[in-house]
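Dumped coords_19.cif below, it's mmCIF, N, CA and C atoms:
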```cif
data_structure
#
loop_
_atom_site.label_atom_id
_atom_site.label_comp_id
_atom_site.auth_asym_id
_atom_site.auth_seq_id
_atom_site.Cartn_x
_atom_site.Cartn_y
_atom_site.Cartn_z
N HIS A 1 66.19 9.95 5.28
CA HIS A 1 67.55 9.61 4.96
C HIS A 1 67.60 8.19 4.43
N THR A 2 68.49 7.93 3.50
CA THR A 2 68.61 6.65 2.84
C THR A 2 69.63 5.77 3.56
N ALA A 3 69.29 4.51 3.71
CA ALA A 3 70.20 3.56 4.36
C ALA A 3 71.39 3.29 3.44
N ILE A 4 72.55 3.09 4.04
CA ILE A 4 73.75 2.76 3.28
C ILE A 4 73.66 1.33 2.75
N PHE A 5 73.11 0.44 3.56
CA PHE A 5 72.97 -0.96 3.20
C PHE A 5 71.49 -1.31 3.14
N SER A 6 71.12 -2.25 2.29
CA SER A 6 69.73 -2.68 2.24
C SER A 6 69.49 -3.89 3.14
N ARG A 7 70.54 -4.59 3.49
CA ARG A 7 70.47 -5.75 4.38
C ARG A 7 71.83 -5.93 5.05
N ILE A 8 71.82 -6.60 6.21
CA ILE A 8 73.07 -6.87 6.92
C ILE A 8 73.08 -8.33 7.34
N VAL A 9 74.23 -8.98 7.11
CA VAL A 9 74.46 -10.33 7.61
C VAL A 9 75.62 -10.25 8.59
N SER A 10 75.38 -10.73 9.80
CA SER A 10 76.41 -10.75 10.83
C SER A 10 76.77 -12.20 11.14
N HIS A 11 78.03 -12.53 11.00
CA HIS A 11 78.50 -13.88 11.30
C HIS A 11 79.31 -13.87 12.59
N CYS A 12 78.80 -14.53 13.62
CA CYS A 12 79.50 -14.67 14.90
C CYS A 12 79.94 -13.32 15.45
N GLY A 13 79.05 -12.36 15.42
CA GLY A 13 79.40 -11.00 15.81
C GLY A 13 79.32 -10.73 17.31
N VAL A 14 80.11 -9.77 17.74
CA VAL A 14 80.05 -9.29 19.12
C VAL A 14 78.92 -8.27 19.20
N PHE A 15 78.04 -8.44 20.17
CA PHE A 15 76.92 -7.52 20.36
C PHE A 15 77.13 -6.60 21.56
N ASP A 16 77.63 -7.15 22.64
CA ASP A 16 77.79 -6.38 23.87
C ASP A 16 79.24 -6.44 24.33
N LEU A 17 79.97 -5.37 24.08
CA LEU A 17 81.39 -5.34 24.45
C LEU A 17 81.61 -5.32 25.96
N SER A 18 80.60 -4.97 26.74
CA SER A 18 80.79 -4.96 28.19
C SER A 18 80.88 -6.36 28.75
N THR A 19 80.25 -7.33 28.12
CA THR A 19 80.30 -8.72 28.59
C THR A 19 81.32 -9.56 27.83
N TYR A 20 81.73 -9.11 26.67
CA TYR A 20 82.60 -9.91 25.81
C TYR A 20 83.90 -10.38 26.47
N PRO A 21 84.61 -9.56 27.24
CA PRO A 21 85.87 -10.03 27.82
C PRO A 21 85.71 -11.27 28.70
N ASP A 22 84.53 -11.49 29.25
CA ASP A 22 84.28 -12.65 30.11
C ASP A 22 83.65 -13.81 29.35
N GLU A 23 83.38 -13.63 28.06
CA GLU A 23 82.67 -14.65 27.29
C GLU A 23 83.48 -15.19 26.12
N CYS A 24 84.77 -15.02 26.16
CA CYS A 24 85.63 -15.56 25.11
C CYS A 24 86.82 -16.25 25.77
N LEU A 25 87.58 -16.96 24.98
CA LEU A 25 88.75 -17.65 25.53
C LEU A 25 89.96 -16.75 25.67
N GLY A 26 89.87 -15.55 25.13
CA GLY A 26 90.98 -14.60 25.26
C GLY A 26 91.17 -14.17 26.70
N LYS A 27 92.33 -13.65 26.98
CA LYS A 27 92.57 -13.13 28.33
C LYS A 27 91.79 -11.84 28.49
N ARG A 28 91.05 -11.74 29.58
CA ARG A 28 90.18 -10.60 29.83
C ARG A 28 90.91 -9.27 29.65
N LYS A 29 92.07 -9.15 30.26
CA LYS A 29 92.85 -7.92 30.19
C LYS A 29 93.23 -7.58 28.74
N ASP A 30 93.66 -8.59 27.99
CA ASP A 30 94.06 -8.37 26.59
C ASP A 30 92.87 -7.91 25.74
N VAL A 31 91.71 -8.51 25.98
CA VAL A 31 90.52 -8.12 25.22
C VAL A 31 90.15 -6.67 25.52
N MET A 32 90.16 -6.33 26.79
CA MET A 32 89.82 -4.95 27.18
C MET A 32 90.83 -3.96 26.61
N LEU A 33 92.09 -4.30 26.67
CA LEU A 33 93.12 -3.43 26.11
C LEU A 33 92.94 -3.28 24.60
N GLY A 34 92.58 -4.37 23.95
CA GLY A 34 92.40 -4.34 22.50
C GLY A 34 91.31 -3.40 22.03
N TYR A 35 90.24 -3.31 22.80
CA TYR A 35 89.12 -2.44 22.41
C TYR A 35 89.26 -1.01 22.91
N THR A 36 89.91 -0.82 24.07
CA THR A 36 89.88 0.52 24.67
C THR A 36 91.24 1.02 25.15
N ASN A 37 92.27 0.20 25.03
CA ASN A 37 93.59 0.56 25.56
C ASN A 37 93.52 0.81 27.07
N CYS A 38 92.63 0.09 27.73
CA CYS A 38 92.40 0.25 29.17
C CYS A 38 91.93 -1.09 29.71
N CYS A 39 92.35 -1.45 30.91
CA CYS A 39 91.88 -2.69 31.50
C CYS A 39 91.23 -2.49 32.87
N GLU A 40 90.90 -1.27 33.21
CA GLU A 40 90.18 -0.99 34.45
C GLU A 40 88.69 -1.05 34.13
N GLU A 41 87.93 -1.82 34.91
CA GLU A 41 86.54 -2.16 34.62
C GLU A 41 85.64 -0.95 34.33
N THR A 42 85.58 0.01 35.21
CA THR A 42 84.68 1.16 35.04
C THR A 42 85.06 1.98 33.82
N GLU A 43 86.33 2.23 33.64
CA GLU A 43 86.78 3.02 32.49
C GLU A 43 86.53 2.25 31.19
N TYR A 44 86.76 0.95 31.19
CA TYR A 44 86.49 0.12 30.01
C TYR A 44 85.03 0.27 29.59
N LYS A 45 84.11 0.11 30.54
CA LYS A 45 82.68 0.19 30.21
C LYS A 45 82.29 1.59 29.71
N THR A 46 82.92 2.62 30.23
CA THR A 46 82.66 3.97 29.75
C THR A 46 83.14 4.12 28.31
N ARG A 47 84.33 3.62 28.03
CA ARG A 47 84.90 3.78 26.69
C ARG A 47 84.18 2.97 25.62
N ILE A 48 83.68 1.78 25.97
CA ILE A 48 83.03 0.96 24.93
C ILE A 48 81.60 1.41 24.65
N ALA A 49 81.03 2.24 25.49
CA ALA A 49 79.64 2.67 25.30
C ALA A 49 79.41 3.29 23.92
N ASP A 50 80.40 4.00 23.40
CA ASP A 50 80.25 4.66 22.10
C ASP A 50 80.43 3.74 20.91
N ILE A 51 80.91 2.51 21.15
CA ILE A 51 81.17 1.61 20.02
C ILE A 51 80.45 0.27 20.12
N SER A 52 79.87 -0.06 21.25
CA SER A 52 79.23 -1.36 21.43
C SER A 52 77.88 -1.41 20.72
N PRO A 53 77.69 -2.39 19.83
CA PRO A 53 76.45 -2.46 19.05
C PRO A 53 75.18 -2.51 19.89
N ASN A 54 75.23 -3.03 21.10
CA ASN A 54 74.01 -3.12 21.90
C ASN A 54 73.42 -1.75 22.23
N HIS A 55 74.18 -0.70 22.07
CA HIS A 55 73.68 0.65 22.32
C HIS A 55 73.01 1.28 21.10
N PHE A 56 72.99 0.57 19.98
CA PHE A 56 72.50 1.17 18.73
C PHE A 56 71.37 0.40 18.06
N VAL A 57 70.73 -0.51 18.76
CA VAL A 57 69.67 -1.33 18.16
C VAL A 57 68.53 -0.46 17.63
N ASP A 58 68.22 0.61 18.30
CA ASP A 58 67.14 1.47 17.82
C ASP A 58 67.44 2.05 16.44
N ASN A 59 68.70 2.08 16.05
CA ASN A 59 69.10 2.61 14.74
C ASN A 59 69.12 1.54 13.64
N TRP A 60 68.88 0.30 13.99
CA TRP A 60 68.87 -0.76 12.99
C TRP A 60 67.62 -0.59 12.13
N ASN A 61 67.80 -0.21 10.87
CA ASN A 61 66.64 0.11 10.04
C ASN A 61 66.59 -0.72 8.75
N VAL A 62 67.34 -1.79 8.68
CA VAL A 62 67.28 -2.70 7.54
C VAL A 62 67.19 -4.13 8.09
N PRO A 63 66.72 -5.08 7.28
CA PRO A 63 66.68 -6.47 7.74
C PRO A 63 68.09 -6.97 8.10
N ILE A 64 68.16 -7.74 9.19
CA ILE A 64 69.44 -8.25 9.67
C ILE A 64 69.33 -9.76 9.86
N LEU A 65 70.32 -10.48 9.34
CA LEU A 65 70.45 -11.91 9.55
C LEU A 65 71.64 -12.15 10.46
N LEU A 66 71.38 -12.70 11.64
CA LEU A 66 72.43 -13.03 12.59
C LEU A 66 72.72 -14.52 12.49
N ILE A 67 73.96 -14.86 12.21
CA ILE A 67 74.37 -16.26 12.12
C ILE A 67 75.44 -16.49 13.18
N HIS A 68 75.27 -17.56 13.95
CA HIS A 68 76.29 -17.83 14.97
C HIS A 68 76.46 -19.33 15.15
N ALA A 69 77.71 -19.73 15.30
CA ALA A 69 78.05 -21.13 15.52
C ALA A 69 77.98 -21.44 17.03
N ILE A 70 77.32 -22.52 17.34
CA ILE A 70 77.10 -22.91 18.74
C ILE A 70 78.42 -23.17 19.48
N ASP A 71 79.39 -23.74 18.81
CA ASP A 71 80.66 -24.10 19.46
C ASP A 71 81.74 -23.04 19.30
N ASP A 72 81.34 -21.83 18.95
CA ASP A 72 82.29 -20.73 18.76
C ASP A 72 82.91 -20.36 20.11
N THR A 73 84.23 -20.37 20.17
CA THR A 73 84.92 -19.96 21.39
C THR A 73 85.53 -18.56 21.24
N THR A 74 85.49 -18.03 20.03
CA THR A 74 85.98 -16.68 19.80
C THR A 74 84.95 -15.67 20.28
N VAL A 75 83.70 -15.89 19.90
CA VAL A 75 82.57 -15.06 20.35
C VAL A 75 81.46 -16.02 20.75
N TRP A 76 81.10 -16.03 22.01
CA TRP A 76 80.05 -16.91 22.52
C TRP A 76 78.75 -16.64 21.78
N PHE A 77 78.02 -17.71 21.41
CA PHE A 77 76.80 -17.56 20.62
C PHE A 77 75.72 -16.76 21.35
N GLY A 78 75.82 -16.65 22.65
CA GLY A 78 74.87 -15.83 23.41
C GLY A 78 74.90 -14.37 23.00
N GLN A 79 76.01 -13.92 22.44
CA GLN A 79 76.08 -12.54 21.95
C GLN A 79 75.03 -12.31 20.85
N SER A 80 74.92 -13.25 19.92
CA SER A 80 73.93 -13.11 18.85
C SER A 80 72.51 -13.34 19.37
N VAL A 81 72.36 -14.22 20.32
CA VAL A 81 71.03 -14.44 20.92
C VAL A 81 70.56 -13.16 21.61
N ARG A 82 71.45 -12.50 22.34
CA ARG A 82 71.10 -11.22 22.97
C ARG A 82 70.72 -10.17 21.92
N ALA A 83 71.49 -10.12 20.84
CA ALA A 83 71.19 -9.16 19.77
C ALA A 83 69.80 -9.43 19.20
N TYR A 84 69.52 -10.69 18.94
CA TYR A 84 68.21 -11.07 18.40
C TYR A 84 67.09 -10.67 19.36
N ASN A 85 67.24 -11.02 20.62
CA ASN A 85 66.20 -10.71 21.61
C ASN A 85 65.94 -9.21 21.72
N LYS A 86 67.01 -8.43 21.76
CA LYS A 86 66.84 -6.98 21.87
C LYS A 86 66.19 -6.41 20.61
N ALA A 87 66.58 -6.93 19.45
CA ALA A 87 65.99 -6.47 18.19
C ALA A 87 64.51 -6.81 18.12
N VAL A 88 64.14 -8.00 18.56
CA VAL A 88 62.72 -8.39 18.58
C VAL A 88 61.94 -7.49 19.53
N GLU A 89 62.52 -7.19 20.69
CA GLU A 89 61.87 -6.27 21.63
C GLU A 89 61.60 -4.92 20.99
N ARG A 90 62.48 -4.50 20.09
CA ARG A 90 62.37 -3.19 19.43
C ARG A 90 61.65 -3.28 18.09
N ASN A 91 61.04 -4.44 17.80
CA ASN A 91 60.29 -4.65 16.56
C ASN A 91 61.13 -4.47 15.31
N LYS A 92 62.37 -4.92 15.36
CA LYS A 92 63.27 -4.85 14.20
C LYS A 92 63.09 -6.09 13.34
N ASN A 93 63.42 -5.97 12.07
CA ASN A 93 63.35 -7.09 11.14
C ASN A 93 64.64 -7.88 11.27
N VAL A 94 64.60 -8.95 12.06
CA VAL A 94 65.80 -9.71 12.37
C VAL A 94 65.51 -11.21 12.32
N LYS A 95 66.51 -11.95 11.90
CA LYS A 95 66.42 -13.41 11.86
C LYS A 95 67.69 -13.97 12.49
N LEU A 96 67.56 -15.03 13.27
CA LEU A 96 68.71 -15.67 13.92
C LEU A 96 68.84 -17.09 13.43
N MET A 97 70.07 -17.45 13.03
CA MET A 97 70.39 -18.83 12.65
C MET A 97 71.56 -19.29 13.51
N LEU A 98 71.33 -20.34 14.29
CA LEU A 98 72.41 -20.96 15.06
C LEU A 98 72.83 -22.21 14.32
N THR A 99 74.12 -22.35 14.10
CA THR A 99 74.64 -23.48 13.33
C THR A 99 75.58 -24.32 14.19
N PRO A 100 75.76 -25.58 13.83
CA PRO A 100 76.75 -26.39 14.54
C PRO A 100 78.15 -25.93 14.12
N GLY A 101 79.12 -26.23 14.94
CA GLY A 101 80.50 -25.95 14.56
C GLY A 101 81.10 -24.78 15.30
N ALA A 102 82.27 -24.39 14.81
CA ALA A 102 83.07 -23.35 15.45
C ALA A 102 82.99 -22.04 14.66
N HIS A 103 83.86 -21.10 14.99
CA HIS A 103 83.90 -19.75 14.42
C HIS A 103 84.51 -19.79 13.01
N THR A 104 83.78 -20.41 12.09
CA THR A 104 84.26 -20.58 10.73
C THR A 104 83.09 -20.95 9.83
N TYR A 105 83.28 -20.82 8.55
CA TYR A 105 82.28 -21.33 7.62
C TYR A 105 82.62 -22.74 7.15
N HIS A 106 83.69 -23.31 7.66
CA HIS A 106 84.05 -24.69 7.34
C HIS A 106 83.31 -25.61 8.29
N ILE A 107 81.99 -25.68 8.11
CA ILE A 107 81.12 -26.46 8.99
C ILE A 107 80.27 -27.40 8.16
N LYS A 108 79.73 -28.40 8.83
CA LYS A 108 78.80 -29.29 8.17
C LYS A 108 77.57 -28.48 7.79
N GLY A 109 77.10 -28.62 6.58
CA GLY A 109 75.93 -27.87 6.12
C GLY A 109 76.24 -26.47 5.62
N ALA A 110 77.51 -26.19 5.36
CA ALA A 110 77.90 -24.85 4.92
C ALA A 110 77.18 -24.47 3.62
N HIS A 111 76.99 -25.42 2.72
CA HIS A 111 76.32 -25.13 1.45
C HIS A 111 74.91 -24.60 1.70
N SER A 112 74.18 -25.24 2.60
CA SER A 112 72.83 -24.79 2.93
C SER A 112 72.86 -23.42 3.58
N LEU A 113 73.85 -23.19 4.42
CA LEU A 113 73.99 -21.89 5.07
C LEU A 113 74.23 -20.80 4.04
N PHE A 114 75.12 -21.05 3.08
CA PHE A 114 75.39 -20.07 2.03
C PHE A 114 74.14 -19.80 1.20
N ASN A 115 73.37 -20.84 0.92
CA ASN A 115 72.12 -20.65 0.19
C ASN A 115 71.16 -19.76 0.97
N GLU A 116 71.09 -19.94 2.26
CA GLU A 116 70.23 -19.11 3.10
C GLU A 116 70.68 -17.65 3.08
N ILE A 117 71.99 -17.44 3.12
CA ILE A 117 72.53 -16.07 3.07
C ILE A 117 72.19 -15.42 1.74
N ILE A 118 72.37 -16.14 0.66
CA ILE A 118 72.07 -15.61 -0.67
C ILE A 118 70.57 -15.30 -0.79
N HIS A 119 69.74 -16.20 -0.31
CA HIS A 119 68.29 -15.97 -0.34
C HIS A 119 67.93 -14.73 0.45
N PHE A 120 68.51 -14.56 1.62
CA PHE A 120 68.25 -13.39 2.45
C PHE A 120 68.72 -12.11 1.73
N ALA A 121 69.92 -12.16 1.16
CA ALA A 121 70.49 -10.97 0.52
C ALA A 121 69.73 -10.54 -0.73
N LEU A 122 69.18 -11.49 -1.44
CA LEU A 122 68.51 -11.18 -2.70
C LEU A 122 67.00 -11.00 -2.57
N LYS A 123 66.47 -11.22 -1.38
CA LYS A 123 65.03 -11.07 -1.16
C LYS A 123 64.63 -9.62 -1.41
N PRO A 124 63.55 -9.38 -2.17
CA PRO A 124 63.14 -8.00 -2.42
C PRO A 124 62.81 -7.26 -1.12
N VAL A 125 63.16 -6.00 -1.10
CA VAL A 125 62.92 -5.16 0.09
C VAL A 125 61.48 -4.76 0.17
#
```
Written as structure tokens, how would this file's structure read?
Amino acid sequence: HTAIFSRIVSHCGVFDLSTYPDECLGKRKDVMLGYTNCCEETEYKTRIADISPNHFVDNWNVPILLIHAIDDTTVWFGQSVRAYNKAVERNKNVKLMLTPGAHTYHIKGAHSLFNEIIHFALKPV
């Protein structure tokens, strides 16, 4: 089967929805309701199992560049670190870049970051 994408770039992405409500500045209940329309712990974890990226690493079949800002309060940078570690454990083609700043591309060194993204995207498969 042919991949839909030849490469993936993830910027400040959520990797594990089961831990996310406790790792952001949002209200835990609101975050859980937003993803599953439920705020009861056991039911929330059951409902997110079908959509949480951490359950699908074995299906990652293209190179992935994970970029995360260290001072991100929307999505804690540990989410991308966990994604990277699990992908490496599964021998996936993955690269992790941690950048200074918040959940935005308006950061110091943004030009270099964009160059890295372009280089990654245009690299021959």
Which distance in Å separates atom C of Lys95 in chain A and CA of Tyr20 in chain A, to one decimal?
-> 20.4 Å
Give me the residues within 8 Å of Ile8 in chain A as a ChimeraX atom specification, counting all atoms listed in the file and dropping any in the same chain fewer than 6 places off.
-> /A:62-66,120-121
In range 37-86 of chain A, what's strand (DSSP E) per DSSP? Answer as a PyMOL selection string?
-> chain A and resi 64-69
Closest of A:His111, A:Ala87, A:Ile4, A:Leu122 to Asp58 in chain A, counting only N, CA and C atoms, is A:Ala87
Please report, as a PyMOL selection string, each residue of range 82-124 of chain A to which DSSP assigns helix (DSSP H, G or I) when run on this structure's backbone.
-> chain A and resi 82-89+110-122
Residues matched by the PyMOL selection byres ((chain A and resi 68) around 6), written as a PyMOL selection string | chain A and resi 11-12+66-67+69-70+77+97-99
For the point (70.6, -3.5, 13.7) in the file's frame, write as number ranges by chain all residues with an atom no more than 12 Å away, counting only C-alpha atoms.
-> A: 3, 5-10, 13, 15, 52-66, 80, 83-88, 90-95
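Taking atom C of Gly26 in chain A as the reference point, atom N of Asp72 in chain A is found at 14.7 Å.
Here atom C of Glu23 in chain A and atom N of Lys108 in chain A stand 22.1 Å from one another.
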Can you tell me, as a PDB file with N, CA and C atoms, keeping the file's coordinate frame, what residues are no more than 8 Å from Tyr35 in chain A when counting all atoms listed in the file, ignoring any on the same chain fewer than 3 positions away?
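Below is the file that was written, result-v7.pdb:
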```
ATOM      1  N   LYS A  29      92.070  -9.150  30.260  1.00  0.00           N
ATOM      2  CA  LYS A  29      92.850  -7.920  30.190  1.00  0.00           C
ATOM      3  C   LYS A  29      93.230  -7.580  28.740  1.00  0.00           C
ATOM      4  N   ASP A  30      93.660  -8.590  27.990  1.00  0.00           N
ATOM      5  CA  ASP A  30      94.060  -8.370  26.590  1.00  0.00           C
ATOM      6  C   ASP A  30      92.870  -7.910  25.740  1.00  0.00           C
ATOM      7  N   VAL A  31      91.710  -8.510  25.980  1.00  0.00           N
ATOM      8  CA  VAL A  31      90.520  -8.120  25.220  1.00  0.00           C
ATOM      9  C   VAL A  31      90.150  -6.670  25.520  1.00  0.00           C
ATOM     10  N   MET A  32      90.160  -6.330  26.790  1.00  0.00           N
ATOM     11  CA  MET A  32      89.820  -4.950  27.180  1.00  0.00           C
ATOM     12  C   MET A  32      90.830  -3.960  26.610  1.00  0.00           C
ATOM     13  N   CYS A  38      92.630   0.090  27.730  1.00  0.00           N
ATOM     14  CA  CYS A  38      92.400   0.250  29.170  1.00  0.00           C
ATOM     15  C   CYS A  38      91.930  -1.090  29.710  1.00  0.00           C
ATOM     16  N   TYR A  44      86.760   0.950  31.190  1.00  0.00           N
ATOM     17  CA  TYR A  44      86.490   0.120  30.010  1.00  0.00           C
ATOM     18  C   TYR A  44      85.030   0.270  29.590  1.00  0.00           C
ATOM     19  N   ARG A  47      84.330   3.620  28.030  1.00  0.00           N
ATOM     20  CA  ARG A  47      84.900   3.780  26.690  1.00  0.00           C
ATOM     21  C   ARG A  47      84.180   2.970  25.620  1.00  0.00           C
ATOM     22  N   ILE A  48      83.680   1.780  25.970  1.00  0.00           N
ATOM     23  CA  ILE A  48      83.030   0.960  24.930  1.00  0.00           C
ATOM     24  C   ILE A  48      81.600   1.410  24.650  1.00  0.00           C
TER      25      ILE A  48
END
```
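Distance check against Gly101 in chain A using only C-alpha atoms: of A:Asp71, A:Glu89, A:Glu116, A:Asp50, the minimum falls on A:Asp71.
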